[in-house]
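Since the structure comes first, as structure tokens, the remarks are kept for the end.
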Amino acid sequence: MARHETLAAVDLGSNSFHLLVGRIVDGQIYPLDTLREQVQLGAGLTADKRLDRASQSRALEVLAQFRERLRGLPRDAVRAVGTNALRVAKNSAAFLREARETLGFPIEVIAGREEARLIYLGVAHALPPAENRRLVVDIGGGSTELIVGQGLKPRLMESLYMGCVSSSLRHFPGERIDKRGMKAAVLEARQELAAVSRSYLRSGWQEAVGSSGTARSIESILTANGFAAHGITREGLEQLWELLIETGRPDPDRIAGLKPARAAVLPGGFAVMYAVFDELDIAQMNVSEAALRHGVLYDLLGRVEHRDMREATVTQFMRRYHVDAAQAARVRELALRIHEQLAGARDDDPDRLMLDWAARLAEVGLSIAHAQYHKHSAYVLSNADMPGFSRVEQQRLARIVLAHRGKLDKLADEGLEDGDWNLVFALRLASTLLRRRTRVRLPAFKVLAGDARFSLELPKTWLARNALTAAALETEAQQWETVGRQLAVRRMS
């Protein structure tokens, strides 16, 4: 990936959309420009979990504004991520097609724990270096992330399905606040937290930090009303509870420090924060200005400077699932040689990266069972937490791995795109030629592709000496016929 002086992050949150543009100086990111628009995408989720057209229109309008600011930036200098609302919406895929076209850049929907990792990365870079453990709490529009980490490394991460938008809509209709609704909202949040609170308390931390809009809004109200000198305290939350019940609604004219843009989601966000303090036995919490978008920028900087978290995850998975590293290296090298003949050599080619990872992770399923291991591999890659990978990347990786063995006719409906078929071809061919799992000395060969036709040319003397491989290649050629594509194995003199 090329180096850039400027990077940008787009956060499509369930409550607000954020754009952060930063300048790179000596490995640090200095903000150049920030844009924030309250879209409340989560509020547009219907009862059957579909984004209504009004929320989609608001989102597309904001993304068009962001596109103007991003104009001129290279594709790999911008990373856009979607969070909980886009994770749960049944029509997310259709909306994302429009959204990508409007923004002009790819949009990844990230898993909850990946969101937690990126939040911690942003907050950790914004805080002074320290060796003590920190608990980071981020209450978003539709989810709440809890992370315990040390330095720049997260140790414990969870994403819970509760947030300021969803809680406000469920328990405070019409923005009315009463004691009954508040108790119900806090109880619901405590029930979500109960499943993870024991492991967090057992882990322990020396400092609690809140990030994102809910934490900043609550801190602003507490300090403006004299309920706390700074940050968020248990006593301050008790006083704010009484104030909210007294006012009966989140009224900026009657609640000092409350911004109009945050009013509608304050009750739900407060209830979640109150429950977090109770369940995790927190007395005081500092508040950070950093959030998900800052973590996305630092993660993008890592990719630019060849510290890609995805690479670390692939290495970790190879160790965890006891992948034969020597065989994986042989398959990787040969698959990339084939890919270079098909597409040319570019180290920053995203397809090349995907093939590289697929070749090294294709055999993770062998740790489960040898029979149909490619299916086990695909299942693991589809469902495991893979830090650094977006959901789309995980699913694509799983599809390629699933297709590298077995019958191709069953994979025609797996959503393989044209570019994926080239990667599948390279990986299947490499696996076939190296099926004996030994250091085979392959001769010079040629691979050509075009119009769904592949051609492999190998010396006939080599094919004669490797009869089993030659037979396997003939079977492979028949497999490609079943999906409307052709593979011709030609014998060179």
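In the structure tokens, each chain is lettered A, B, ... as it comes, each chain's residues begin at 1, and ligands are numbered from 1 in order of appearance.
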Near-segment 119-124 of chain A list (6 Å; only C-alpha atoms; drop same-chain fewer than 2 positions) as a PyMOL selection string:
chain A and resi 116-117+126-127+152+290-292+294-295
Write a file of the just-selected residues containing all heavy atoms, as a PDB file, in the first residue's frame.
ATOM      1  N   ALA A 116     -14.970  -2.879  18.711  1.00  0.00           N
ATOM      2  CA  ALA A 116     -14.368  -2.683  20.034  1.00  0.00           C
ATOM      3  C   ALA A 116     -12.858  -2.509  19.918  1.00  0.00           C
ATOM      4  O   ALA A 116     -12.262  -1.639  20.573  1.00  0.00           O
ATOM      5  CB  ALA A 116     -14.708  -3.862  20.939  1.00  0.00           C
ATOM      6  N   ARG A 117     -12.209  -3.335  19.106  1.00  0.00           N
ATOM      7  CA  ARG A 117     -10.759  -3.231  18.936  1.00  0.00           C
ATOM      8  C   ARG A 117     -10.357  -1.870  18.394  1.00  0.00           C
ATOM      9  O   ARG A 117      -9.403  -1.237  18.877  1.00  0.00           O
ATOM     10  CB  ARG A 117     -10.254  -4.324  17.993  1.00  0.00           C
ATOM     11  CG  ARG A 117      -8.730  -4.350  17.835  1.00  0.00           C
ATOM     12  CD  ARG A 117      -8.294  -5.338  16.765  1.00  0.00           C
ATOM     13  NE  ARG A 117      -8.611  -4.888  15.422  1.00  0.00           N
ATOM     14  CZ  ARG A 117      -7.827  -4.077  14.706  1.00  0.00           C
ATOM     15  NH1 ARG A 117      -6.697  -3.620  15.212  1.00  0.00           N
ATOM     16  NH2 ARG A 117      -8.170  -3.725  13.482  1.00  0.00           N
ATOM     17  N   ALA A 126      -4.876   8.313  22.058  1.00  0.00           N
ATOM     18  CA  ALA A 126      -5.187   9.672  22.517  1.00  0.00           C
ATOM     19  C   ALA A 126      -4.795   9.910  23.968  1.00  0.00           C
ATOM     20  O   ALA A 126      -4.694  11.063  24.402  1.00  0.00           O
ATOM     21  CB  ALA A 126      -6.678   9.943  22.331  1.00  0.00           C
ATOM     22  N   LEU A 127      -4.579   8.826  24.740  1.00  0.00           N
ATOM     23  CA  LEU A 127      -4.256   8.953  26.163  1.00  0.00           C
ATOM     24  C   LEU A 127      -2.743   8.917  26.370  1.00  0.00           C
ATOM     25  O   LEU A 127      -2.006   8.354  25.557  1.00  0.00           O
ATOM     26  CB  LEU A 127      -4.906   7.817  26.949  1.00  0.00           C
ATOM     27  CG  LEU A 127      -6.437   7.824  27.001  1.00  0.00           C
ATOM     28  CD1 LEU A 127      -6.944   6.555  27.677  1.00  0.00           C
ATOM     29  CD2 LEU A 127      -6.954   9.056  27.737  1.00  0.00           C
ATOM     30  N   LEU A 152      -1.262  -0.254  24.059  1.00  0.00           N
ATOM     31  CA  LEU A 152      -2.024  -0.206  22.805  1.00  0.00           C
ATOM     32  C   LEU A 152      -2.715  -1.524  22.499  1.00  0.00           C
ATOM     33  O   LEU A 152      -3.340  -1.668  21.453  1.00  0.00           O
ATOM     34  CB  LEU A 152      -1.092   0.152  21.640  1.00  0.00           C
ATOM     35  CG  LEU A 152      -0.413   1.529  21.700  1.00  0.00           C
ATOM     36  CD1 LEU A 152       0.521   1.704  20.514  1.00  0.00           C
ATOM     37  CD2 LEU A 152      -1.457   2.649  21.718  1.00  0.00           C
ATOM     38  N   ALA A 290     -11.330  10.779  21.828  1.00  0.00           N
ATOM     39  CA  ALA A 290     -11.139   9.814  20.738  1.00  0.00           C
ATOM     40  C   ALA A 290     -12.273   8.800  20.714  1.00  0.00           C
ATOM     41  O   ALA A 290     -12.928   8.552  21.734  1.00  0.00           O
ATOM     42  CB  ALA A 290      -9.802   9.100  20.884  1.00  0.00           C
ATOM     43  N   ALA A 291     -12.488   8.204  19.538  1.00  0.00           N
ATOM     44  CA  ALA A 291     -13.571   7.226  19.373  1.00  0.00           C
ATOM     45  C   ALA A 291     -13.232   6.310  18.202  1.00  0.00           C
ATOM     46  O   ALA A 291     -12.078   6.222  17.774  1.00  0.00           O
ATOM     47  CB  ALA A 291     -14.899   7.956  19.153  1.00  0.00           C
ATOM     48  N   LEU A 292     -14.242   5.636  17.679  1.00  0.00           N
ATOM     49  CA  LEU A 292     -14.044   4.657  16.609  1.00  0.00           C
ATOM     50  C   LEU A 292     -13.285   5.237  15.423  1.00  0.00           C
ATOM     51  O   LEU A 292     -12.355   4.617  14.901  1.00  0.00           O
ATOM     52  CB  LEU A 292     -15.403   4.117  16.154  1.00  0.00           C
ATOM     53  CG  LEU A 292     -15.404   3.211  14.921  1.00  0.00           C
ATOM     54  CD1 LEU A 292     -14.601   1.940  15.173  1.00  0.00           C
ATOM     55  CD2 LEU A 292     -16.835   2.862  14.515  1.00  0.00           C
ATOM     56  N   HIS A 294     -11.106   7.529  15.175  1.00  0.00           N
ATOM     57  CA  HIS A 294      -9.681   7.694  15.421  1.00  0.00           C
ATOM     58  C   HIS A 294      -8.967   6.339  15.319  1.00  0.00           C
ATOM     59  O   HIS A 294      -7.862   6.243  14.777  1.00  0.00           O
ATOM     60  CB  HIS A 294      -9.447   8.313  16.795  1.00  0.00           C
ATOM     61  CG  HIS A 294     -10.062   9.674  16.966  1.00  0.00           C
ATOM     62  ND1 HIS A 294     -11.381   9.829  17.313  1.00  0.00           N
ATOM     63  CD2 HIS A 294      -9.543  10.918  16.829  1.00  0.00           C
ATOM     64  CE1 HIS A 294     -11.660  11.127  17.386  1.00  0.00           C
ATOM     65  NE2 HIS A 294     -10.567  11.806  17.089  1.00  0.00           N
ATOM     66  N   GLY A 295      -9.605   5.294  15.851  1.00  0.00           N
ATOM     67  CA  GLY A 295      -9.032   3.961  15.742  1.00  0.00           C
ATOM     68  C   GLY A 295      -8.944   3.494  14.307  1.00  0.00           C
ATOM     69  O   GLY A 295      -7.968   2.836  13.909  1.00  0.00           O
TER      70      GLY A 295
END
Using DSSP on the backbone coordinates, identify all residues within segment 127-246 of chain A classified as strand (DSSP E or B); present the result as an MDAnalysis selection string.
chainID A and resid 133:139 144:150 153:160 207:211 232:233
Selection above as a file: C-alpha atoms, as a compact mmCIF listing (two decimals), in the first residue's frame:
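So the final result, stored in result.txt, reads:
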# COMPACT_ATOMS: atom_id res chain seq x y z
CA ARG A 133 -4.95 -1.56 32.66
CA ARG A 134 -7.76 0.57 31.27
CA LEU A 135 -11.44 -0.15 30.83
CA VAL A 136 -12.88 1.66 27.80
CA VAL A 137 -16.68 1.99 27.53
CA ASP A 138 -18.23 3.23 24.29
CA ILE A 139 -22.02 3.63 24.25
CA THR A 144 -22.07 -0.75 23.58
CA GLU A 145 -18.44 -1.83 23.43
CA LEU A 146 -16.44 -2.78 26.53
CA ILE A 147 -12.68 -3.23 26.29
CA VAL A 148 -10.00 -3.89 28.87
CA GLY A 149 -6.53 -3.22 27.54
CA GLN A 150 -2.97 -2.38 28.44
CA LYS A 153 -3.15 -3.84 23.15
CA PRO A 154 -6.77 -4.81 23.96
CA ARG A 155 -7.02 -7.86 26.24
CA LEU A 156 -10.77 -8.36 26.65
CA MET A 157 -13.44 -7.17 24.21
CA GLU A 158 -17.22 -7.41 24.02
CA SER A 159 -19.95 -5.73 21.99
CA LEU A 160 -23.41 -5.72 23.57
CA GLU A 207 -8.72 3.45 35.11
CA ALA A 208 -12.13 3.64 33.42
CA VAL A 209 -12.50 5.75 30.25
CA GLY A 210 -15.65 6.67 28.36
CA SER A 211 -15.64 7.51 24.64
CA ILE A 232 -18.37 11.00 35.22
CA THR A 233 -18.92 9.95 38.83
So that I can check the surroundings of Trp480 of chain A, please list as a PDB file with N, CA and C atoms, in the first residue's frame every protein, DNA and RNA residue that reaches within 10 Å of it, counting only C-alpha atoms and ignoring chain neighbours fewer than 6 positions away.
ATOM      1  N   LYS A 407     -16.396 -30.080  -5.318  1.00  0.00           N
ATOM      2  CA  LYS A 407     -17.079 -29.897  -6.595  1.00  0.00           C
ATOM      3  C   LYS A 407     -17.442 -28.430  -6.798  1.00  0.00           C
ATOM      4  N   LEU A 408     -17.084 -27.921  -7.968  1.00  0.00           N
ATOM      5  CA  LEU A 408     -17.334 -26.515  -8.259  1.00  0.00           C
ATOM      6  C   LEU A 408     -18.794 -26.224  -8.566  1.00  0.00           C
ATOM      7  N   ASP A 409     -19.533 -27.229  -9.067  1.00  0.00           N
ATOM      8  CA  ASP A 409     -20.917 -26.946  -9.460  1.00  0.00           C
ATOM      9  C   ASP A 409     -21.776 -26.556  -8.259  1.00  0.00           C
ATOM     10  N   PHE A 425      -9.285 -20.187  -9.085  1.00  0.00           N
ATOM     11  CA  PHE A 425      -8.509 -20.946 -10.059  1.00  0.00           C
ATOM     12  C   PHE A 425      -7.046 -21.072  -9.610  1.00  0.00           C
ATOM     13  N   ALA A 452     -13.624 -16.331 -19.360  1.00  0.00           N
ATOM     14  CA  ALA A 452     -13.984 -17.529 -18.584  1.00  0.00           C
ATOM     15  C   ALA A 452     -13.263 -18.781 -19.066  1.00  0.00           C
ATOM     16  N   ARG A 453     -12.111 -18.595 -19.686  1.00  0.00           N
ATOM     17  CA  ARG A 453     -11.333 -19.738 -20.147  1.00  0.00           C
ATOM     18  C   ARG A 453      -9.933 -19.663 -19.539  1.00  0.00           C
ATOM     19  N   PHE A 454      -9.505 -20.766 -19.010  1.00  0.00           N
ATOM     20  CA  PHE A 454      -8.161 -20.861 -18.450  1.00  0.00           C
ATOM     21  C   PHE A 454      -7.376 -21.900 -19.243  1.00  0.00           C
ATOM     22  N   GLN A 486     -13.911 -22.999 -18.787  1.00  0.00           N
ATOM     23  CA  GLN A 486     -13.095 -24.039 -19.390  1.00  0.00           C
ATOM     24  C   GLN A 486     -11.665 -23.968 -18.879  1.00  0.00           C
ATOM     25  N   LEU A 487     -11.086 -25.137 -18.647  1.00  0.00           N
ATOM     26  CA  LEU A 487      -9.669 -25.242 -18.316  1.00  0.00           C
ATOM     27  C   LEU A 487      -9.069 -26.255 -19.267  1.00  0.00           C
ATOM     28  N   ALA A 488      -8.132 -25.796 -20.058  1.00  0.00           N
ATOM     29  CA  ALA A 488      -7.429 -26.681 -20.980  1.00  0.00           C
ATOM     30  C   ALA A 488      -6.028 -26.924 -20.441  1.00  0.00           C
TER      31      ALA A 488
END
Give me, as a PyMOL selection string, all polymer residues having an atom no more than 12 Å from Lys410 of chain A, counting only C-alpha atoms and skipping those fewer than 6 positions away in the same chain.
chain A and resi 399+402-403+416+479-480+482-483
If you run DSSP on the backbone, which residues of segment 228-398 of chain A are alpha helix (DSSP H), as a ChimeraX atom specification?
/A:234-247,260-263,266-279,292-304,309-320,325-343,350-361,373-383,391-398
Could you tell me which of A:Tyr200, A:Tyr321, A:Phe389, A:Trp241 comes closest to Leu361 of chain A if we count only C-alpha atoms?
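Closest residue, counting only C-alpha atoms: A:Tyr321.
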Tell me, counting only C-alpha atoms, for each residue of segment 108-193 of chain A within 8 Å of segment 68-84 of chain A, which pair of atoms is nearest and how far apart they are in Å to one decimal, in rows ordered by chain and increasing number, as a Markdown table.
| residue | atom | partner | partner_atom | distance |
| --- | --- | --- | --- | --- |
| A:Glu108 | CA | A:Val81 | CA | 4.7 |
| A:Val109 | CA | A:Gly82 | CA | 4.5 |
| A:Ile110 | CA | A:Thr83 | CA | 6.1 |
| A:Ala111 | CA | A:Thr83 | CA | 7.4 |
| A:Gly112 | CA | A:Asn84 | CA | 7.4 |
| A:Glu115 | CA | A:Thr83 | CA | 7.3 |
| A:Gly141 | CA | A:Asn84 | CA | 7.9 |
| A:Gly142 | CA | A:Asn84 | CA | 5.6 |
| A:Ser143 | CA | A:Asn84 | CA | 6.1 |
Generate a file of the selected residues that holds all heavy atoms, formatted as a PDB file, in the first residue's frame.
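Result written to selection.pdb:
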ATOM      1  N   GLU A 108     -17.136  -0.895   4.642  1.00  0.00           N
ATOM      2  CA  GLU A 108     -17.080  -2.189   5.310  1.00  0.00           C
ATOM      3  C   GLU A 108     -18.039  -2.178   6.494  1.00  0.00           C
ATOM      4  O   GLU A 108     -18.062  -1.219   7.253  1.00  0.00           O
ATOM      5  CB  GLU A 108     -15.670  -2.465   5.842  1.00  0.00           C
ATOM      6  CG  GLU A 108     -14.544  -2.239   4.869  1.00  0.00           C
ATOM      7  CD  GLU A 108     -13.202  -2.222   5.576  1.00  0.00           C
ATOM      8  OE1 GLU A 108     -13.087  -2.844   6.652  1.00  0.00           O
ATOM      9  OE2 GLU A 108     -12.281  -1.568   5.072  1.00  0.00           O
ATOM     10  N   VAL A 109     -18.795  -3.232   6.657  1.00  0.00           N
ATOM     11  CA  VAL A 109     -19.575  -3.417   7.886  1.00  0.00           C
ATOM     12  C   VAL A 109     -18.727  -4.284   8.805  1.00  0.00           C
ATOM     13  O   VAL A 109     -18.398  -5.416   8.469  1.00  0.00           O
ATOM     14  CB  VAL A 109     -20.930  -4.085   7.597  1.00  0.00           C
ATOM     15  CG1 VAL A 109     -21.708  -4.282   8.898  1.00  0.00           C
ATOM     16  CG2 VAL A 109     -21.735  -3.228   6.624  1.00  0.00           C
ATOM     17  N   ILE A 110     -18.342  -3.729   9.953  1.00  0.00           N
ATOM     18  CA  ILE A 110     -17.434  -4.441  10.843  1.00  0.00           C
ATOM     19  C   ILE A 110     -18.209  -5.131  11.960  1.00  0.00           C
ATOM     20  O   ILE A 110     -19.274  -4.681  12.379  1.00  0.00           O
ATOM     21  CB  ILE A 110     -16.377  -3.491  11.447  1.00  0.00           C
ATOM     22  CG1 ILE A 110     -17.030  -2.290  12.146  1.00  0.00           C
ATOM     23  CG2 ILE A 110     -15.412  -3.017  10.363  1.00  0.00           C
ATOM     24  CD1 ILE A 110     -16.038  -1.370  12.833  1.00  0.00           C
ATOM     25  N   ALA A 111     -17.663  -6.245  12.425  1.00  0.00           N
ATOM     26  CA  ALA A 111     -18.273  -6.994  13.525  1.00  0.00           C
ATOM     27  C   ALA A 111     -18.120  -6.220  14.831  1.00  0.00           C
ATOM     28  O   ALA A 111     -17.290  -5.316  14.948  1.00  0.00           O
ATOM     29  CB  ALA A 111     -17.624  -8.363  13.646  1.00  0.00           C
ATOM     30  N   GLY A 112     -18.920  -6.596  15.832  1.00  0.00           N
ATOM     31  CA  GLY A 112     -18.920  -5.876  17.101  1.00  0.00           C
ATOM     32  C   GLY A 112     -17.568  -5.874  17.784  1.00  0.00           C
ATOM     33  O   GLY A 112     -17.120  -4.836  18.289  1.00  0.00           O
ATOM     34  N   GLU A 115     -15.195  -3.630  16.031  1.00  0.00           N
ATOM     35  CA  GLU A 115     -15.499  -2.255  16.422  1.00  0.00           C
ATOM     36  C   GLU A 115     -14.866  -1.937  17.771  1.00  0.00           C
ATOM     37  O   GLU A 115     -14.271  -0.871  17.962  1.00  0.00           O
ATOM     38  CB  GLU A 115     -17.012  -2.046  16.484  1.00  0.00           C
ATOM     39  CG  GLU A 115     -17.424  -0.624  16.821  1.00  0.00           C
ATOM     40  CD  GLU A 115     -18.933  -0.413  16.858  1.00  0.00           C
ATOM     41  OE1 GLU A 115     -19.672  -1.349  16.495  1.00  0.00           O
ATOM     42  OE2 GLU A 115     -19.357   0.687  17.256  1.00  0.00           O
ATOM     43  N   GLY A 141     -25.035   4.205  19.240  1.00  0.00           N
ATOM     44  CA  GLY A 141     -26.470   4.294  19.009  1.00  0.00           C
ATOM     45  C   GLY A 141     -27.191   2.973  19.189  1.00  0.00           C
ATOM     46  O   GLY A 141     -28.300   2.928  19.724  1.00  0.00           O
ATOM     47  N   GLY A 142     -26.549   1.862  18.738  1.00  0.00           N
ATOM     48  CA  GLY A 142     -27.214   0.566  18.818  1.00  0.00           C
ATOM     49  C   GLY A 142     -26.444  -0.496  19.549  1.00  0.00           C
ATOM     50  O   GLY A 142     -26.961  -1.586  19.789  1.00  0.00           O
ATOM     51  N   SER A 143     -25.190  -0.207  19.897  1.00  0.00           N
ATOM     52  CA  SER A 143     -24.379  -1.195  20.615  1.00  0.00           C
ATOM     53  C   SER A 143     -23.469  -0.489  21.603  1.00  0.00           C
ATOM     54  O   SER A 143     -23.200   0.705  21.481  1.00  0.00           O
ATOM     55  CB  SER A 143     -23.547  -2.038  19.636  1.00  0.00           C
ATOM     56  OG  SER A 143     -22.588  -1.242  18.975  1.00  0.00           O
TER      57      SER A 143
END
Determine, counting only C-alpha atoms, which protein, DNA and RNA residues have an atom within 10 Å of an atom of segment 185-189 of chain A; residues of the same chain fewer than 5 positions away are not included. Present the result as a PyMOL selection string.
chain A and resi 144+160-163+167-168+170-172+179-180+194+267-276+278-279
Go ahead and write the selection's residues with N, CA and C atoms as a CSV table (one decimal), in the first residue's frame.
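Below is the file that was written, out.csv:
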chain,number,residue,atom,x,y,z
A,144,THR,N,-23.0,-1.3,22.6
A,144,THR,CA,-22.1,-0.7,23.6
A,144,THR,C,-20.9,-1.7,23.6
A,160,LEU,N,-22.1,-5.4,23.1
A,160,LEU,CA,-23.4,-5.7,23.6
A,160,LEU,C,-24.5,-5.0,22.8
A,161,TYR,N,-25.6,-5.7,22.6
A,161,TYR,CA,-26.7,-5.1,21.7
A,161,TYR,C,-27.6,-4.2,22.6
A,162,MET,N,-27.0,-3.0,22.9
A,162,MET,CA,-27.8,-2.0,23.6
A,162,MET,C,-27.1,-0.6,23.3
A,163,GLY,N,-27.9,0.4,23.1
A,163,GLY,CA,-27.3,1.7,22.8
A,163,GLY,C,-28.2,2.9,23.1
A,167,SER,N,-32.3,2.2,23.2
A,167,SER,CA,-32.9,2.3,24.5
A,167,SER,C,-33.9,3.4,24.6
A,168,SER,N,-33.5,4.6,24.0
A,168,SER,CA,-34.4,5.8,24.0
A,168,SER,C,-35.7,5.5,23.3
A,170,ARG,N,-37.2,2.5,22.9
A,170,ARG,CA,-37.9,1.5,23.5
A,170,ARG,C,-38.5,2.0,24.8
A,171,HIS,N,-37.8,2.7,25.6
A,171,HIS,CA,-38.3,3.0,27.0
A,171,HIS,C,-38.7,4.5,27.2
A,172,PHE,N,-38.4,5.4,26.2
A,172,PHE,CA,-38.8,6.8,26.4
A,172,PHE,C,-39.5,7.3,25.2
A,179,LYS,N,-40.0,7.6,36.2
A,179,LYS,CA,-39.2,6.7,37.0
A,179,LYS,C,-39.4,5.3,36.5
A,180,ARG,N,-40.6,4.9,36.1
A,180,ARG,CA,-40.9,3.6,35.6
A,180,ARG,C,-40.1,3.2,34.4
A,194,ALA,N,-24.9,-8.5,32.6
A,194,ALA,CA,-24.7,-9.6,33.5
A,194,ALA,C,-24.0,-10.7,32.9
A,267,PRO,N,-31.8,10.1,27.3
A,267,PRO,CA,-32.3,9.1,28.3
A,267,PRO,C,-31.8,7.7,28.2
A,268,GLY,N,-31.8,7.2,27.0
A,268,GLY,CA,-31.3,5.8,26.8
A,268,GLY,C,-29.9,5.7,27.0
A,269,GLY,N,-29.1,6.7,26.6
A,269,GLY,CA,-27.6,6.6,26.8
A,269,GLY,C,-27.3,6.7,28.3
A,270,PHE,N,-28.1,7.6,29.0
A,270,PHE,CA,-27.9,7.7,30.5
A,270,PHE,C,-28.2,6.4,31.2
A,271,ALA,N,-29.3,5.7,30.8
A,271,ALA,CA,-29.7,4.4,31.4
A,271,ALA,C,-28.6,3.4,31.2
A,272,VAL,N,-28.0,3.3,30.0
A,272,VAL,CA,-26.9,2.3,29.8
A,272,VAL,C,-25.7,2.7,30.6
A,273,MET,N,-25.3,3.9,30.7
A,273,MET,CA,-24.2,4.4,31.5
A,273,MET,C,-24.4,4.1,33.0
A,274,TYR,N,-25.6,4.3,33.4
A,274,TYR,CA,-25.9,4.1,34.9
A,274,TYR,C,-25.8,2.6,35.2
A,275,ALA,N,-26.3,1.7,34.2
A,275,ALA,CA,-26.1,0.3,34.4
A,275,ALA,C,-24.7,-0.2,34.4
A,276,VAL,N,-23.9,0.4,33.5
A,276,VAL,CA,-22.5,0.1,33.4
A,276,VAL,C,-21.8,0.4,34.7
A,278,ASP,N,-23.1,0.5,37.7
A,278,ASP,CA,-23.6,-0.5,38.7
A,278,ASP,C,-23.0,-1.9,38.5
A,279,GLU,N,-23.1,-2.4,37.3
A,279,GLU,CA,-22.7,-3.8,37.1
A,279,GLU,C,-21.2,-4.0,37.2
For Leu463 of chain A, which residue among A:Leu448, A:Val489, A:Met318, A:Ile107 is the nearest when counting only C-alpha atoms?
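Closest to Leu463 of chain A of all the choices is A:Val489.
What separates atom CA of Met386 of chain A from atom CA of Ser166 of chain A is a distance of 26.7 Å.
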Against segment 243-257 of chain A, which residues of segment 101-215 of chain A fall within 8 Å? For each one I want the closest pair of atoms and the distance in Å (one decimal), counting only C-alpha atoms, rows by chain and increasing residue number, as CSV.
residue,atom,partner,partner_atom,distance
A:Glu175,CA,A:Arg249,CA,5.7
A:Arg176,CA,A:Arg249,CA,5.0
A:Ile177,CA,A:Gly248,CA,4.7
A:Asp178,CA,A:Ile245,CA,5.5
A:Lys179,CA,A:Ile245,CA,6.3
Nearest residue to Val62 of chain A from the set A:Thr102, A:Asn91, A:Gln28, A:Gln394 (distances using only C-alpha atoms):
A:Thr102
A:Ala329, A:Leu96, A:Val447, A:Met285 ranked by distance to Trp357 of chain A, top pick (using only C-alpha atoms):
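Using only C-alpha atoms, the shortest distance to Trp357 of chain A belongs to A:Ala329.
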